[in-house]
file query_35.txt (compact mmCIF, C-alpha atoms)
# COMPACT_ATOMS: atom_id res chain seq x y z
CA MET G 1 -59.04 26.77 29.92
CA ILE G 2 -62.11 28.36 28.30
CA ASP G 3 -64.08 25.22 29.13
CA ILE G 4 -63.24 25.66 32.83
CA VAL G 5 -64.34 29.32 32.73
CA VAL G 6 -67.64 28.38 31.04
CA ALA G 7 -68.26 25.43 33.37
CA SER G 8 -67.52 27.49 36.48
CA PHE G 9 -69.72 30.32 35.14
CA LEU G 10 -72.67 27.94 34.71
CA ILE G 11 -72.04 26.30 38.08
CA GLY G 12 -71.68 29.71 39.72
CA LEU G 13 -74.85 30.94 38.03
CA SER G 14 -76.82 28.07 39.54
CA GLY G 15 -75.80 29.30 42.99
CA ALA G 16 -76.06 33.01 42.25
CA VAL G 17 -79.68 32.86 41.06
CA SER G 18 -80.91 30.89 44.06
CA PRO G 19 -82.52 33.05 46.74
CA GLY G 20 -80.20 33.95 49.57
CA PRO G 21 -78.66 36.84 51.46
CA MET G 22 -76.86 38.27 48.39
CA THR G 23 -80.17 38.51 46.54
CA ALA G 24 -81.84 40.02 49.59
CA SER G 25 -79.18 42.72 49.88
CA VAL G 26 -79.52 43.63 46.18
CA LEU G 27 -83.27 44.07 46.67
CA GLY G 28 -82.49 46.85 49.14
CA ILE G 29 -80.74 49.21 46.72
CA GLY G 30 -83.90 50.89 45.46
CA SER G 31 -83.44 53.46 42.75
CA ARG G 32 -79.88 54.23 43.84
CA GLN G 33 -76.95 53.50 41.54
CA PRO G 34 -77.01 49.73 41.02
CA GLY G 35 -73.57 49.53 39.40
CA ARG G 36 -71.72 50.92 42.40
CA PHE G 37 -73.66 48.79 44.85
CA VAL G 38 -73.16 45.54 42.93
CA ALA G 39 -69.47 46.31 42.41
CA GLY G 40 -69.04 46.66 46.17
CA LEU G 41 -71.20 43.63 46.93
CA VAL G 42 -69.34 41.39 44.48
CA THR G 43 -66.01 42.72 45.78
CA GLY G 44 -67.02 41.78 49.31
CA HIS G 45 -68.22 38.38 48.10
CA GLY G 46 -65.13 37.89 45.96
CA ILE G 47 -62.67 38.39 48.81
CA PRO G 48 -63.59 35.21 50.74
CA GLU G 49 -64.07 33.36 47.44
CA ALA G 50 -60.55 34.28 46.33
CA ALA G 51 -59.21 33.26 49.73
CA MET G 52 -61.00 29.92 49.45
CA VAL G 53 -59.67 29.23 45.94
CA ALA G 54 -56.16 30.16 47.11
CA ALA G 55 -56.48 27.91 50.16
CA ILE G 56 -57.64 24.98 48.02
CA ALA G 57 -54.77 25.66 45.60
CA CYS G 58 -52.39 25.45 48.57
CA GLY G 59 -53.87 22.13 49.68
CA VAL G 60 -56.20 23.22 52.47
CA ARG G 61 -59.20 20.93 52.58
CA ASP G 62 -60.60 21.80 56.00
CA VAL G 63 -61.16 25.17 57.65
CA PRO G 64 -60.41 25.42 61.39
CA TYR G 65 -63.12 27.04 63.48
CA ILE G 66 -65.48 27.06 60.49
CA ASN G 67 -68.55 27.20 62.74
CA LEU G 68 -67.20 30.19 64.65
CA VAL G 69 -66.47 32.07 61.41
CA ALA G 70 -69.95 31.26 60.07
CA LEU G 71 -71.58 32.33 63.38
CA LEU G 72 -69.77 35.67 63.35
CA GLY G 73 -70.69 36.23 59.71
CA SER G 74 -74.31 35.35 60.44
CA GLY G 75 -74.35 37.85 63.30
CA VAL G 76 -73.06 40.59 61.00
CA LEU G 77 -75.70 39.61 58.43
CA ILE G 78 -78.42 40.05 61.08
CA VAL G 79 -77.08 43.48 62.07
CA LEU G 80 -76.93 44.61 58.43
CA GLY G 81 -80.46 43.29 57.82
CA ILE G 82 -81.81 45.17 60.83
CA GLY G 83 -80.10 48.32 59.59
CA GLN G 84 -81.61 47.88 56.13
CA PHE G 85 -85.07 47.29 57.62
CA LEU G 86 -84.86 50.39 59.81
CA ARG G 87 -83.41 52.67 57.11
CA ALA G 88 -85.74 51.52 54.32
CA GLY G 89 -87.37 54.93 53.97
CA ASP G 90 -84.17 56.97 54.15
CA ALA G 91 -82.82 58.59 51.02
CA VAL G 92 -79.15 57.84 51.64
CA ALA G 93 -76.69 58.91 48.99
CA VAL G 94 -74.58 56.09 47.60
CA LYS G 95 -71.33 57.93 48.37
CA ASP G 96 -72.28 58.00 52.07
CA GLU G 97 -72.43 54.23 52.22
CA ALA G 98 -69.54 53.27 49.97
CA GLY G 99 -68.18 50.65 52.37
CA VAL G 100 -71.52 49.04 53.17
CA PRO G 101 -71.89 46.94 49.99
CA VAL G 102 -68.45 45.39 50.57
CA ALA G 103 -69.43 44.58 54.17
CA PHE G 104 -72.73 43.12 52.89
CA GLY G 105 -70.82 40.93 50.45
CA VAL G 106 -68.41 39.64 53.08
CA ALA G 107 -71.17 39.06 55.66
CA CYS G 108 -73.50 37.38 53.16
CA THR G 109 -70.69 35.06 52.16
CA LEU G 110 -69.08 34.14 55.48
CA GLY G 111 -72.41 33.98 57.32
CA ASN G 112 -73.87 31.49 54.89
CA PRO G 113 -73.08 27.90 55.98
CA TYR G 114 -74.18 26.66 52.55
CA TRP G 115 -71.32 28.64 51.03
CA TRP G 116 -68.90 26.77 53.29
CA VAL G 117 -70.48 23.42 52.53
CA TRP G 118 -70.45 24.11 48.78
CA TRP G 119 -66.78 25.09 48.75
CA LEU G 120 -65.62 22.28 51.02
CA THR G 121 -67.49 19.65 49.00
CA PHE G 122 -68.15 20.61 45.40
CA GLY G 123 -65.54 23.37 45.14
CA VAL G 124 -62.74 21.16 46.46
CA GLY G 125 -63.89 18.26 44.28
CA PHE G 126 -64.15 20.30 41.10
CA LEU G 127 -60.79 21.97 41.60
CA ALA G 128 -59.16 18.62 42.42
CA LEU G 129 -60.33 17.31 39.03
CA HIS G 130 -59.70 20.56 37.14
CA PRO G 131 -56.93 22.50 38.93
CA SER G 132 -57.28 25.66 36.83
CA PHE G 133 -57.74 27.92 39.82
CA ALA G 134 -57.65 31.32 38.10
CA ALA G 135 -59.96 30.18 35.29
CA PHE G 136 -62.38 28.72 37.81
CA TYR G 137 -62.41 31.93 39.85
CA VAL G 138 -62.96 34.14 36.80
CA GLY G 139 -65.95 32.10 35.62
CA HIS G 140 -67.37 31.70 39.10
CA ILE G 141 -67.21 35.39 40.05
CA GLY G 142 -68.38 36.29 36.54
CA ALA G 143 -71.65 34.50 37.27
CA ASP G 144 -72.12 36.59 40.41
CA ILE G 145 -71.42 39.81 38.50
CA ALA G 146 -73.79 38.89 35.67
CA TRP G 147 -76.70 37.82 37.85
CA LEU G 148 -76.42 40.44 40.57
CA GLY G 149 -75.87 43.18 37.97
CA LEU G 150 -78.97 42.13 36.05
CA LEU G 151 -80.99 41.86 39.26
CA ALA G 152 -79.80 45.27 40.52
CA PHE G 153 -80.65 46.91 37.20
CA ALA G 154 -84.15 45.41 37.30
CA VAL G 155 -84.64 46.41 40.94
CA SER G 156 -83.49 49.99 40.33
CA ARG G 157 -86.01 50.32 37.49
CA GLY G 158 -88.73 48.60 39.51
CA ALA G 159 -88.18 50.94 42.46
CA ASN G 160 -89.20 53.87 40.27
CA VAL G 161 -92.34 51.99 39.22
CA LEU G 162 -93.28 50.94 42.76
CA GLY G 163 -92.60 54.38 44.25
CA TYR G 164 -93.62 54.57 47.92
CA HIS G 165 -94.41 50.85 48.07
CA TYR G 166 -90.78 50.02 47.40
CA LYS G 167 -90.06 50.80 51.06
CA LYS G 168 -91.99 47.62 51.91
CA VAL G 169 -89.83 45.64 49.47
CA VAL G 170 -86.66 47.02 51.10
CA GLN G 171 -88.01 46.22 54.57
CA ALA G 172 -88.89 42.70 53.45
CA SER G 173 -85.38 42.37 52.07
CA GLY G 174 -83.85 43.47 55.38
CA LEU G 175 -86.13 41.09 57.22
CA ALA G 176 -85.06 38.30 54.85
CA MET G 177 -81.41 39.00 55.70
CA VAL G 178 -82.22 38.76 59.42
CA ILE G 179 -84.11 35.51 58.84
CA PHE G 180 -81.23 34.08 56.79
CA GLY G 181 -78.79 35.04 59.54
CA LEU G 182 -80.95 33.45 62.26
CA TYR G 183 -81.53 30.37 60.13
CA PHE G 184 -77.80 30.02 59.51
CA ILE G 185 -77.07 30.34 63.24
CA LEU G 186 -79.66 27.69 64.10
CA THR G 187 -78.32 25.43 61.35
CA ILE G 188 -74.79 25.76 62.72
CA LEU G 189 -75.77 25.27 66.35
CA PHE G 190 -78.13 22.33 65.82
CA ALA G 191 -76.52 20.53 62.88

call {"tool": "encode", "arguments": {"input": "query_35.txt", "output": "structure tokens"}}
result
Amino acid sequence: MIDIVVASFLIGLSGAVSPGPMTASVLGIGSRQPGRFVAGLVTGHGIPEAAMVAAIACGVRDVPYINLVALLGSGVLIVLGIGQFLRAGDAVAVKDEAGVPVAFGVACTLGNPYWWVWWLTFGVGFLALHPSFAAFYVGHIGADIAWLGLLAFAVSRGANVLGYHYKKVVQASGLAMVIFGLYFILTILFA
């Protein structure tokens, strides 16, 4: 069982460290409390991941209306990215946006067609060979927590160093989320 946790951690880490909407949303936290933000983000990301693992455990190998779900998620990702771009200079207290990181996590996950492809190809295949669903989930989500936590800590320290210029980083991050959302929509519509 430990070997499944370690393997899924390493596999999950390879996906977590690649640039994408989760990384872009972490770049927007600034000097605010990174722990609370990442906890919400990973919670939002972990909800569809847990649902996918449970579905695979129950024998589901195809998701009905997958393109519609991914289109809706991509639309939410665009809206959240626009909001981040426009509010980049605001000093918003973390407690005032407690639900936003969870929404970011869900939108970044469901709006990413590569997440769907990964789970319906590699995820299904790996779990078919190694049906240790809980162990796989623990290792997989552990990789997200480790990477995003490390990234958020670095970003929160870097925001203090960059000062005023960090607003540009946050705006670029919001713009990246919009671009990812648009790219995902185009990929879905023209694939």

call {"tool": "closest_residue", "arguments": {"input": "query_35.txt", "among": "G:Leu151, G:Ala7, G:Val69, G:Val124", "to": "G:Phe184", "atoms": "only C-alpha atoms"}}
result
G:Val69

call {"tool": "closest_residue", "arguments": {"input": "query_35.txt", "among": "G:Leu68, G:Ala134, G:Met52, G:Gly40", "to": "G:Trp115", "atoms": "only C-alpha atoms"}}
result
G:Met52

call {"tool": "residues_around", "arguments": {"input": "query_35.txt", "residues": "stretch 135-141 of chain G", "least_positions_apart": "3", "cutoff": "10 Å", "atoms": "only C-alpha atoms", "output": "PyMOL selection string"}}
result
chain G and resi 1-13+15-16+42-43+45-46+49-50+52-54+123+126-127+130-132+144-146

call {"tool": "closest_residue", "arguments": {"input": "query_35.txt", "among": "G:Ala143, G:Gln84, G:Ala152, G:Trp118", "to": "G:Val26", "atoms": "all atoms listed in the file"}}
result
G:Ala152

call {"tool": "closest_residue", "arguments": {"input": "query_35.txt", "among": "G:Leu77, G:Val100, G:Leu27, G:Ala172", "to": "G:Asn112", "atoms": "all atoms listed in the file"}}
result
G:Leu77

call {"tool": "atom_distance", "arguments": {"input": "query_35.txt", "atom1": "atom CA of G:Leu86", "atom2": "atom CA of G:Phe153"}}
result
23.3 Å

call {"tool": "residues_around", "arguments": {"input": "query_35.txt", "residues": "stretch 34-38 of chain G", "least_positions_apart": "5", "cutoff": "7 Å", "atoms": "only C-alpha atoms", "output": "mmCIF file with C-alpha atoms, in the frame of the given file"}}
result
data_model
loop_
_atom_site.group_PDB
_atom_site.id
_atom_site.type_symbol
_atom_site.label_atom_id
_atom_site.label_comp_id
_atom_site.auth_asym_id
_atom_site.auth_seq_id
_atom_site.Cartn_x
_atom_site.Cartn_y
_atom_site.Cartn_z
ATOM 1 C CA ILE G 29 -80.740 49.210 46.720
ATOM 2 C CA PRO G 101 -71.890 46.940 49.990
ATOM 3 C CA LEU G 148 -76.420 40.440 40.570
ATOM 4 C CA GLY G 149 -75.870 43.180 37.970
ATOM 5 C CA ALA G 152 -79.800 45.270 40.520
ATOM 6 C CA PHE G 153 -80.650 46.910 37.200
ATOM 7 C CA SER G 156 -83.490 49.990 40.330
#

call {"tool": "atom_distance", "arguments": {"input": "query_35.txt", "atom1": "atom CA of G:Gly20", "atom2": "atom CA of G:Gly142"}}
result
17.7 Å

call {"tool": "axis_aligned_box", "arguments": {"input": "query_35.txt", "around": "stretch 113-122 of chain G", "padding_each_side": "4 Å", "output": "AutoDock Vina command-line options"}}
result
--center_x -69.9 --center_y 24.1 --center_z 50.7 --size_x 16.6 --size_y 17.0 --size_z 18.6

call {"tool": "build_atoms", "arguments": {"input": "query_35.txt", "residues": "stretch 99-126 of chain G", "atoms": "N, CA and C atoms", "output": "PDB file, in the coordinates of the input"}}
result
ATOM      1  N   GLY G  99     -68.731  51.868  51.815  1.00  0.00           N
ATOM      2  CA  GLY G  99     -68.180  50.650  52.370  1.00  0.00           C
ATOM      3  C   GLY G  99     -69.215  49.596  52.693  1.00  0.00           C
ATOM      4  N   VAL G 100     -70.478  49.974  52.762  1.00  0.00           N
ATOM      5  CA  VAL G 100     -71.520  49.040  53.170  1.00  0.00           C
ATOM      6  C   VAL G 100     -71.699  47.874  52.198  1.00  0.00           C
ATOM      7  N   PRO G 101     -71.714  48.090  50.875  1.00  0.00           N
ATOM      8  CA  PRO G 101     -71.890  46.940  49.990  1.00  0.00           C
ATOM      9  C   PRO G 101     -70.772  45.899  50.136  1.00  0.00           C
ATOM     10  N   VAL G 102     -69.547  46.338  50.367  1.00  0.00           N
ATOM     11  CA  VAL G 102     -68.450  45.390  50.570  1.00  0.00           C
ATOM     12  C   VAL G 102     -68.696  44.589  51.843  1.00  0.00           C
ATOM     13  N   ALA G 103     -69.115  45.281  52.910  1.00  0.00           N
ATOM     14  CA  ALA G 103     -69.430  44.580  54.170  1.00  0.00           C
ATOM     15  C   ALA G 103     -70.592  43.613  53.964  1.00  0.00           C
ATOM     16  N   PHE G 104     -71.616  44.033  53.206  1.00  0.00           N
ATOM     17  CA  PHE G 104     -72.730  43.120  52.890  1.00  0.00           C
ATOM     18  C   PHE G 104     -72.195  41.876  52.197  1.00  0.00           C
ATOM     19  N   GLY G 105     -71.350  42.073  51.201  1.00  0.00           N
ATOM     20  CA  GLY G 105     -70.820  40.930  50.450  1.00  0.00           C
ATOM     21  C   GLY G 105     -70.044  39.960  51.315  1.00  0.00           C
ATOM     22  N   VAL G 106     -69.185  40.495  52.177  1.00  0.00           N
ATOM     23  CA  VAL G 106     -68.410  39.640  53.080  1.00  0.00           C
ATOM     24  C   VAL G 106     -69.330  38.912  54.056  1.00  0.00           C
ATOM     25  N   ALA G 107     -70.259  39.660  54.671  1.00  0.00           N
ATOM     26  CA  ALA G 107     -71.170  39.060  55.660  1.00  0.00           C
ATOM     27  C   ALA G 107     -72.083  38.019  55.014  1.00  0.00           C
ATOM     28  N   CYS G 108     -72.614  38.333  53.848  1.00  0.00           N
ATOM     29  CA  CYS G 108     -73.500  37.380  53.160  1.00  0.00           C
ATOM     30  C   CYS G 108     -72.763  36.102  52.820  1.00  0.00           C
ATOM     31  N   THR G 109     -71.493  36.221  52.538  1.00  0.00           N
ATOM     32  CA  THR G 109     -70.690  35.060  52.160  1.00  0.00           C
ATOM     33  C   THR G 109     -70.280  34.239  53.384  1.00  0.00           C
ATOM     34  N   LEU G 110     -69.598  34.871  54.320  1.00  0.00           N
ATOM     35  CA  LEU G 110     -69.080  34.140  55.480  1.00  0.00           C
ATOM     36  C   LEU G 110     -70.180  33.669  56.415  1.00  0.00           C
ATOM     37  N   GLY G 111     -71.305  34.372  56.438  1.00  0.00           N
ATOM     38  CA  GLY G 111     -72.410  33.980  57.320  1.00  0.00           C
ATOM     39  C   GLY G 111     -73.286  32.894  56.755  1.00  0.00           C
ATOM     40  N   ASN G 112     -73.032  32.485  55.538  1.00  0.00           N
ATOM     41  CA  ASN G 112     -73.870  31.490  54.890  1.00  0.00           C
ATOM     42  C   ASN G 112     -73.208  30.108  54.992  1.00  0.00           C
ATOM     43  N   PRO G 113     -73.715  29.220  55.845  1.00  0.00           N
ATOM     44  CA  PRO G 113     -73.080  27.900  55.980  1.00  0.00           C
ATOM     45  C   PRO G 113     -73.142  27.088  54.680  1.00  0.00           C
ATOM     46  N   TYR G 114     -74.098  27.386  53.818  1.00  0.00           N
ATOM     47  CA  TYR G 114     -74.180  26.660  52.550  1.00  0.00           C
ATOM     48  C   TYR G 114     -73.019  27.032  51.630  1.00  0.00           C
ATOM     49  N   TRP G 115     -72.509  28.256  51.788  1.00  0.00           N
ATOM     50  CA  TRP G 115     -71.320  28.640  51.030  1.00  0.00           C
ATOM     51  C   TRP G 115     -70.149  27.778  51.464  1.00  0.00           C
ATOM     52  N   TRP G 116     -69.994  27.611  52.765  1.00  0.00           N
ATOM     53  CA  TRP G 116     -68.900  26.770  53.290  1.00  0.00           C
ATOM     54  C   TRP G 116     -69.051  25.330  52.818  1.00  0.00           C
ATOM     55  N   VAL G 117     -70.246  24.814  52.941  1.00  0.00           N
ATOM     56  CA  VAL G 117     -70.480  23.420  52.530  1.00  0.00           C
ATOM     57  C   VAL G 117     -70.191  23.257  51.041  1.00  0.00           C
ATOM     58  N   TRP G 118     -70.663  24.197  50.224  1.00  0.00           N
ATOM     59  CA  TRP G 118     -70.450  24.110  48.780  1.00  0.00           C
ATOM     60  C   TRP G 118     -68.957  24.084  48.470  1.00  0.00           C
ATOM     61  N   TRP G 119     -68.201  25.013  49.061  1.00  0.00           N
ATOM     62  CA  TRP G 119     -66.780  25.090  48.750  1.00  0.00           C
ATOM     63  C   TRP G 119     -66.014  23.876  49.262  1.00  0.00           C
ATOM     64  N   LEU G 120     -66.389  23.392  50.445  1.00  0.00           N
ATOM     65  CA  LEU G 120     -65.620  22.280  51.020  1.00  0.00           C
ATOM     66  C   LEU G 120     -66.057  20.926  50.480  1.00  0.00           C
ATOM     67  N   THR G 121     -67.088  20.914  49.657  1.00  0.00           N
ATOM     68  CA  THR G 121     -67.490  19.650  49.000  1.00  0.00           C
ATOM     69  C   THR G 121     -67.291  19.802  47.494  1.00  0.00           C
ATOM     70  N   PHE G 122     -68.203  20.486  46.851  1.00  0.00           N
ATOM     71  CA  PHE G 122     -68.150  20.610  45.400  1.00  0.00           C
ATOM     72  C   PHE G 122     -66.932  21.395  44.929  1.00  0.00           C
ATOM     73  N   GLY G 123     -66.667  22.529  45.564  1.00  0.00           N
ATOM     74  CA  GLY G 123     -65.540  23.370  45.140  1.00  0.00           C
ATOM     75  C   GLY G 123     -64.222  22.619  45.202  1.00  0.00           C
ATOM     76  N   VAL G 124     -63.972  21.940  46.322  1.00  0.00           N
ATOM     77  CA  VAL G 124     -62.740  21.160  46.460  1.00  0.00           C
ATOM     78  C   VAL G 124     -62.703  20.048  45.422  1.00  0.00           C
ATOM     79  N   GLY G 125     -63.831  19.358  45.247  1.00  0.00           N
ATOM     80  CA  GLY G 125     -63.890  18.260  44.280  1.00  0.00           C
ATOM     81  C   GLY G 125     -63.649  18.713  42.857  1.00  0.00           C
ATOM     82  N   PHE G 126     -64.306  19.791  42.459  1.00  0.00           N
ATOM     83  CA  PHE G 126     -64.150  20.300  41.100  1.00  0.00           C
ATOM     84  C   PHE G 126     -62.710  20.731  40.839  1.00  0.00           C
TER      85      PHE G 126
END
